[in-house]
Amino acid sequence: MNRNIGIKDVALAAGVSATTVSHVLNDVSYARISPETRGKVKAAALELGYGPNRVAQALRSRRTGVLGLVSEDVATTPHAGRIILGADEAARARGYTLMVINTAGSASRASRESDVEAVLERQVDGILYATMYHRYLEAPANLARVPAVLVDAVTADGGFPAVVPDEHGGATAAVDALLAAGHTRIGFINNTEDVPSTSQRLRGFREALTRAGLDGEAAPVVAVSSNAAGGYTAAGRILSGGNPPSGLFCYNDRMAMGAYRAAAELGLSVPGDLSVVGFDDQALIAGSLHPGLTTVALPHYEMGAWAVNHLIDTLEGRTGGDDPDAGTTTLECPLVIRESVAPPRQ
């Protein structure tokens with residue numbers, strides 16, 4: 001059997017276009033293709049061994065055992081790459097194969113649709129669409145042609161099942177760690193981008209303070225670019241003011257790294273004079289800072305695994321029609337305790 005047979009070979013043998021072959025083998029409901037042409041395409045695929053061995057099985061069961069993962073920059077991002085690891089290990093455990101294609105988050109919608117089409121042409125049973133960070137997504141139109149799950153993203157209409165981190169709960173855990181250590185003056189360095197984590201972490205920060213009997217609305221908050229330089233600038237501004245906080249919650253670990261530098265330049269030690277908590281648990285930062293950074297971990301591995309298991313459950317229980325379980329699932333962001341939090345000086 002020739003394992004290099006492709007969709008164009010099937011199209012040539014059947015005397016149709018490659019698009020027609022894709023529509024037939026993917027059972028695209030809206031494609032206007034006669035029963036005779038469908039039969040010719042399926043016969044050509046079987047005769048040529050297109051797939052190679054999966055095609056005959058797919059034509060009988062309408063499943064190939066292959067899942068596609070379209071990742072917006074995830075494959076090139078070390079800490080978010082655990083989405084792929086979680087998805088791959090979950091797929092293998094259930095007898096499926098995961099195929100990954102990386103697309104740029106900044107790519108045009110047409111380009112992203114082209115990447116999804118490339119996955120669909122591989123006869124996948126379903127698709128995971130993952131983004132590098134939690135954000136609102138305008139899903140490619142052709143993503144709806146097979147069962148799909150969004151990872152770290154949501155759409156405005158909630159048309160796809162999605163799994164995202166519990167940003168609010170993670171922020172609450174971060175502030176609770178500072179409160180438990182005895183801090184009553186706590187500041188927050190936030191992000192400026194209009195993404196779900198910006199508003200949800202701010203809400204968690206303020207609500208945790210209010211629940212503890214403090215004025216969450218009056219607590220110092222500075223929003224800057226979410227990098228080390230931004231954290232440095234914001235921390236310098238907060239710590240140089242009157243009655244500066246003894247505890248600082250940072251939107252991410254990169255900003256916390258900048259806050260460490262600002263504190264050092266002001267003659268403050270961490271955690272002796274200032275306790276700091278980050279978010280993300282980026283291994284190259286949180287574990288390498290001195291002292292080690294207490295932070296909140298994003299459940300990248302768990303989101304990848306959850307998405308695969310949900311997709312397979314949908315496939316194996318599907319009788320046709322839309323996914324009845326569309327909705328958004330949030331996964332816990334656990335606190336990772338290191339050495340950057342201590343009781344405030346008396």
# chains A, B, ... in the order shown; residues from 1 in each chain; ligands from 1
>>> residues_around(residues="region 135-147 of chain A", least_positions_apart="3", cutoff="8 Å", atoms="only C-alpha atoms", output="NGL selection string")
:A and (28 or 109-110 or 112-113 or 116-117 or 125-127 or 131 or 152-156 or 195-197 or 311 or 314-315 or 323)
>>> select_by_dssp(residues="region 63-249 of chain A", states="strand (DSSP E)", output="ChimeraX atom specification")
/A:66-72,97-103,126-136,148-154,162-165,186-191,221-224,247-249
>>> residues_around(residues="Glu265 (chain A)", least_positions_apart="4", cutoff="12 Å", atoms="only C-alpha atoms", output="list in words")
Tyr232, Thr233, Ala235, Gly236, Leu239, Ser240, Gly258, Ala259, Tyr260, Arg261, Ser269 and Val270 of chain A
>>> write_last_selection(atoms="N, CA, C and O atoms", output="PDB file, in the first residue's frame")
ATOM      1  N   TYR A 232       8.271  46.982  36.900  1.00  0.00           N
ATOM      2  CA  TYR A 232       9.261  47.840  37.543  1.00  0.00           C
ATOM      3  C   TYR A 232       8.722  49.260  37.718  1.00  0.00           C
ATOM      4  O   TYR A 232       8.803  49.854  38.800  1.00  0.00           O
ATOM      5  N   THR A 233       8.138  49.798  36.672  1.00  0.00           N
ATOM      6  CA  THR A 233       7.598  51.160  36.719  1.00  0.00           C
ATOM      7  C   THR A 233       6.450  51.273  37.715  1.00  0.00           C
ATOM      8  O   THR A 233       6.396  52.192  38.542  1.00  0.00           O
ATOM      9  N   ALA A 235       5.625  49.237  40.250  1.00  0.00           N
ATOM     10  CA  ALA A 235       6.036  48.995  41.633  1.00  0.00           C
ATOM     11  C   ALA A 235       6.744  50.219  42.202  1.00  0.00           C
ATOM     12  O   ALA A 235       6.523  50.595  43.361  1.00  0.00           O
ATOM     13  N   GLY A 236       7.592  50.843  41.402  1.00  0.00           N
ATOM     14  CA  GLY A 236       8.268  52.051  41.860  1.00  0.00           C
ATOM     15  C   GLY A 236       7.277  53.132  42.225  1.00  0.00           C
ATOM     16  O   GLY A 236       7.440  53.847  43.228  1.00  0.00           O
ATOM     17  N   LEU A 239       5.332  51.936  45.542  1.00  0.00           N
ATOM     18  CA  LEU A 239       6.171  51.854  46.741  1.00  0.00           C
ATOM     19  C   LEU A 239       6.759  53.188  47.136  1.00  0.00           C
ATOM     20  O   LEU A 239       7.222  53.354  48.273  1.00  0.00           O
ATOM     21  N   SER A 240       6.765  54.143  46.233  1.00  0.00           N
ATOM     22  CA  SER A 240       7.321  55.466  46.537  1.00  0.00           C
ATOM     23  C   SER A 240       6.276  56.418  47.109  1.00  0.00           C
ATOM     24  O   SER A 240       6.610  57.527  47.543  1.00  0.00           O
ATOM     25  N   GLY A 258       9.922  42.549  37.652  1.00  0.00           N
ATOM     26  CA  GLY A 258      10.192  43.979  37.641  1.00  0.00           C
ATOM     27  C   GLY A 258       9.987  44.604  39.004  1.00  0.00           C
ATOM     28  O   GLY A 258      10.726  45.521  39.409  1.00  0.00           O
ATOM     29  N   ALA A 259       8.989  44.117  39.756  1.00  0.00           N
ATOM     30  CA  ALA A 259       8.735  44.634  41.100  1.00  0.00           C
ATOM     31  C   ALA A 259       9.896  44.313  42.044  1.00  0.00           C
ATOM     32  O   ALA A 259      10.244  45.127  42.913  1.00  0.00           O
ATOM     33  N   TYR A 260      10.501  43.139  41.885  1.00  0.00           N
ATOM     34  CA  TYR A 260      11.679  42.781  42.686  1.00  0.00           C
ATOM     35  C   TYR A 260      12.781  43.829  42.484  1.00  0.00           C
ATOM     36  O   TYR A 260      13.413  44.287  43.437  1.00  0.00           O
ATOM     37  N   ARG A 261      12.998  44.197  41.235  1.00  0.00           N
ATOM     38  CA  ARG A 261      14.057  45.156  40.928  1.00  0.00           C
ATOM     39  C   ARG A 261      13.751  46.523  41.537  1.00  0.00           C
ATOM     40  O   ARG A 261      14.620  47.171  42.123  1.00  0.00           O
ATOM     41  N   SER A 269      13.770  44.746  50.984  1.00  0.00           N
ATOM     42  CA  SER A 269      14.049  43.329  50.744  1.00  0.00           C
ATOM     43  C   SER A 269      12.747  42.566  50.575  1.00  0.00           C
ATOM     44  O   SER A 269      11.710  42.936  51.120  1.00  0.00           O
ATOM     45  N   VAL A 270      12.810  41.499  49.780  1.00  0.00           N
ATOM     46  CA  VAL A 270      11.691  40.582  49.598  1.00  0.00           C
ATOM     47  C   VAL A 270      12.080  39.268  50.256  1.00  0.00           C
ATOM     48  O   VAL A 270      13.123  38.702  49.929  1.00  0.00           O
TER      49      VAL A 270
END
>>> closest_residue(among="A:Gly242, A:Gly182, A:Gly187, A:Gly170", to="Ala212 (chain A)", atoms="only C-alpha atoms")
A:Gly182
>>> select_by_dssp(residues="region 98-316 of chain A", states="alpha helix (DSSP H)", output="count of residues only")
88
>>> atom_distance(atom1="CA of Ala297 (chain A)", atom2="CA of Val151 (chain A)")
16.1 Å
>>> closest_residue(among="A:Asn190, A:Thr103, A:Ser34, A:Thr328", to="Ala171 (chain A)", atoms="only C-alpha atoms")
A:Asn190
>>> closest_residue(among="A:Asn191, A:Thr184, A:Ser22, A:Thr330", to="Ala118 (chain A)", atoms="only C-alpha atoms")
A:Ser22
>>> decode(residues="region 119-228 of chain A", atoms="C-alpha atoms", output="PDB file, in the first residue's frame")
ATOM      1  CA  VAL A 119      -6.483  20.055   9.615  1.00  0.00           C
ATOM      2  CA  LEU A 120      -9.925  19.155   8.290  1.00  0.00           C
ATOM      3  CA  GLU A 121      -8.348  17.737   5.127  1.00  0.00           C
ATOM      4  CA  ARG A 122      -6.532  15.209   7.316  1.00  0.00           C
ATOM      5  CA  GLN A 123      -9.880  13.600   8.187  1.00  0.00           C
ATOM      6  CA  VAL A 124      -9.806  14.556  11.865  1.00  0.00           C
ATOM      7  CA  ASP A 125     -12.737  13.564  14.064  1.00  0.00           C
ATOM      8  CA  GLY A 126     -12.689  16.820  15.982  1.00  0.00           C
ATOM      9  CA  ILE A 127     -10.588  19.893  16.693  1.00  0.00           C
ATOM     10  CA  LEU A 128      -9.165  21.632  19.730  1.00  0.00           C
ATOM     11  CA  TYR A 129      -8.528  25.332  19.127  1.00  0.00           C
ATOM     12  CA  ALA A 130      -6.073  26.707  21.703  1.00  0.00           C
ATOM     13  CA  THR A 131      -4.847  30.251  22.258  1.00  0.00           C
ATOM     14  CA  MET A 132      -1.651  31.377  23.977  1.00  0.00           C
ATOM     15  CA  TYR A 133      -3.511  33.300  26.671  1.00  0.00           C
ATOM     16  CA  HIS A 134      -7.088  33.583  27.886  1.00  0.00           C
ATOM     17  CA  ARG A 135      -8.883  35.800  25.416  1.00  0.00           C
ATOM     18  CA  TYR A 136     -12.033  36.460  23.442  1.00  0.00           C
ATOM     19  CA  LEU A 137     -11.967  34.643  20.102  1.00  0.00           C
ATOM     20  CA  GLU A 138     -13.658  35.206  16.782  1.00  0.00           C
ATOM     21  CA  ALA A 139     -13.684  31.564  15.788  1.00  0.00           C
ATOM     22  CA  PRO A 140     -12.841  30.579  12.194  1.00  0.00           C
ATOM     23  CA  ALA A 141     -16.097  29.851  10.365  1.00  0.00           C
ATOM     24  CA  ASN A 142     -15.051  26.366   9.262  1.00  0.00           C
ATOM     25  CA  LEU A 143     -14.300  25.296  12.846  1.00  0.00           C
ATOM     26  CA  ALA A 144     -17.965  24.336  13.183  1.00  0.00           C
ATOM     27  CA  ARG A 145     -17.690  21.609  10.538  1.00  0.00           C
ATOM     28  CA  VAL A 146     -16.586  19.068  13.126  1.00  0.00           C
ATOM     29  CA  PRO A 147     -17.012  18.881  16.909  1.00  0.00           C
ATOM     30  CA  ALA A 148     -14.639  21.423  18.449  1.00  0.00           C
ATOM     31  CA  VAL A 149     -13.519  22.604  21.884  1.00  0.00           C
ATOM     32  CA  LEU A 150     -11.841  25.935  22.659  1.00  0.00           C
ATOM     33  CA  VAL A 151      -8.876  25.969  25.036  1.00  0.00           C
ATOM     34  CA  ASP A 152      -8.035  29.179  26.929  1.00  0.00           C
ATOM     35  CA  ALA A 153     -10.527  31.136  24.836  1.00  0.00           C
ATOM     36  CA  VAL A 154     -14.241  31.918  24.641  1.00  0.00           C
ATOM     37  CA  THR A 155     -16.476  33.273  21.898  1.00  0.00           C
ATOM     38  CA  ALA A 156     -19.010  36.037  22.386  1.00  0.00           C
ATOM     39  CA  ASP A 157     -21.940  33.774  21.562  1.00  0.00           C
ATOM     40  CA  GLY A 158     -20.713  30.771  23.550  1.00  0.00           C
ATOM     41  CA  GLY A 159     -21.170  28.614  20.467  1.00  0.00           C
ATOM     42  CA  PHE A 160     -18.389  26.158  21.357  1.00  0.00           C
ATOM     43  CA  PRO A 161     -17.622  24.268  24.542  1.00  0.00           C
ATOM     44  CA  ALA A 162     -14.594  25.912  26.133  1.00  0.00           C
ATOM     45  CA  VAL A 163     -12.201  25.414  29.021  1.00  0.00           C
ATOM     46  CA  VAL A 164     -10.495  28.399  30.672  1.00  0.00           C
ATOM     47  CA  PRO A 165      -8.572  29.149  33.889  1.00  0.00           C
ATOM     48  CA  ASP A 166     -10.397  30.461  36.948  1.00  0.00           C
ATOM     49  CA  GLU A 167      -8.779  33.904  36.860  1.00  0.00           C
ATOM     50  CA  HIS A 168     -11.007  35.272  39.616  1.00  0.00           C
ATOM     51  CA  GLY A 169     -10.337  32.349  41.934  1.00  0.00           C
ATOM     52  CA  GLY A 170      -6.596  32.527  41.250  1.00  0.00           C
ATOM     53  CA  ALA A 171      -6.482  36.214  42.171  1.00  0.00           C
ATOM     54  CA  THR A 172      -8.445  35.495  45.333  1.00  0.00           C
ATOM     55  CA  ALA A 173      -5.933  32.792  46.293  1.00  0.00           C
ATOM     56  CA  ALA A 174      -3.043  35.223  45.735  1.00  0.00           C
ATOM     57  CA  VAL A 175      -4.552  37.935  47.940  1.00  0.00           C
ATOM     58  CA  ASP A 176      -5.611  35.399  50.571  1.00  0.00           C
ATOM     59  CA  ALA A 177      -1.969  34.299  50.873  1.00  0.00           C
ATOM     60  CA  LEU A 178      -0.947  37.867  51.647  1.00  0.00           C
ATOM     61  CA  LEU A 179      -3.842  38.337  54.066  1.00  0.00           C
ATOM     62  CA  ALA A 180      -3.000  35.074  55.852  1.00  0.00           C
ATOM     63  CA  ALA A 181       0.538  36.346  56.395  1.00  0.00           C
ATOM     64  CA  GLY A 182      -0.863  39.394  58.151  1.00  0.00           C
ATOM     65  CA  HIS A 183      -0.779  42.042  55.410  1.00  0.00           C
ATOM     66  CA  THR A 184      -3.514  44.672  55.468  1.00  0.00           C
ATOM     67  CA  ARG A 185      -1.973  47.115  52.992  1.00  0.00           C
ATOM     68  CA  ILE A 186      -1.877  45.322  49.642  1.00  0.00           C
ATOM     69  CA  GLY A 187      -1.437  46.768  46.147  1.00  0.00           C
ATOM     70  CA  PHE A 188      -2.110  45.306  42.710  1.00  0.00           C
ATOM     71  CA  ILE A 189      -0.103  45.771  39.515  1.00  0.00           C
ATOM     72  CA  ASN A 190      -2.544  44.998  36.697  1.00  0.00           C
ATOM     73  CA  ASN A 191      -2.445  44.630  32.926  1.00  0.00           C
ATOM     74  CA  THR A 192      -3.833  47.210  30.482  1.00  0.00           C
ATOM     75  CA  GLU A 193      -5.036  44.797  27.763  1.00  0.00           C
ATOM     76  CA  ASP A 194      -8.751  44.146  27.309  1.00  0.00           C
ATOM     77  CA  VAL A 195      -8.660  40.414  28.022  1.00  0.00           C
ATOM     78  CA  PRO A 196     -10.723  38.377  30.518  1.00  0.00           C
ATOM     79  CA  SER A 197      -7.809  37.973  32.945  1.00  0.00           C
ATOM     80  CA  THR A 198      -7.429  41.735  33.372  1.00  0.00           C
ATOM     81  CA  SER A 199     -10.939  42.324  34.679  1.00  0.00           C
ATOM     82  CA  GLN A 200     -11.353  38.991  36.473  1.00  0.00           C
ATOM     83  CA  ARG A 201      -8.096  39.227  38.430  1.00  0.00           C
ATOM     84  CA  LEU A 202      -8.913  42.798  39.438  1.00  0.00           C
ATOM     85  CA  ARG A 203     -12.345  41.711  40.628  1.00  0.00           C
ATOM     86  CA  GLY A 204     -10.844  38.824  42.605  1.00  0.00           C
ATOM     87  CA  PHE A 205      -8.296  41.177  44.186  1.00  0.00           C
ATOM     88  CA  ARG A 206     -10.900  43.671  45.358  1.00  0.00           C
ATOM     89  CA  GLU A 207     -13.410  41.087  46.516  1.00  0.00           C
ATOM     90  CA  ALA A 208     -10.803  39.236  48.607  1.00  0.00           C
ATOM     91  CA  LEU A 209      -9.873  42.476  50.380  1.00  0.00           C
ATOM     92  CA  THR A 210     -13.504  43.425  50.932  1.00  0.00           C
ATOM     93  CA  ARG A 211     -14.305  39.985  52.332  1.00  0.00           C
ATOM     94  CA  ALA A 212     -11.460  40.475  54.816  1.00  0.00           C
ATOM     95  CA  GLY A 213     -13.018  43.723  56.035  1.00  0.00           C
ATOM     96  CA  LEU A 214     -10.698  46.027  54.069  1.00  0.00           C
ATOM     97  CA  ASP A 215     -11.611  48.646  51.482  1.00  0.00           C
ATOM     98  CA  GLY A 216     -11.021  46.822  48.202  1.00  0.00           C
ATOM     99  CA  GLU A 217     -12.013  49.813  46.111  1.00  0.00           C
ATOM    100  CA  ALA A 218      -9.455  52.068  47.816  1.00  0.00           C
ATOM    101  CA  ALA A 219      -6.505  49.660  47.513  1.00  0.00           C
ATOM    102  CA  PRO A 220      -3.754  50.944  45.206  1.00  0.00           C
ATOM    103  CA  VAL A 221      -3.983  49.589  41.644  1.00  0.00           C
ATOM    104  CA  VAL A 222      -1.660  50.563  38.784  1.00  0.00           C
ATOM    105  CA  ALA A 223      -2.222  49.206  35.258  1.00  0.00           C
ATOM    106  CA  VAL A 224       0.766  48.986  32.904  1.00  0.00           C
ATOM    107  CA  SER A 225       2.128  46.790  30.104  1.00  0.00           C
ATOM    108  CA  SER A 226       2.360  43.200  31.288  1.00  0.00           C
ATOM    109  CA  ASN A 227       6.137  42.798  31.186  1.00  0.00           C
ATOM    110  CA  ALA A 228       9.099  43.242  33.525  1.00  0.00           C
TER     111      ALA A 228
END
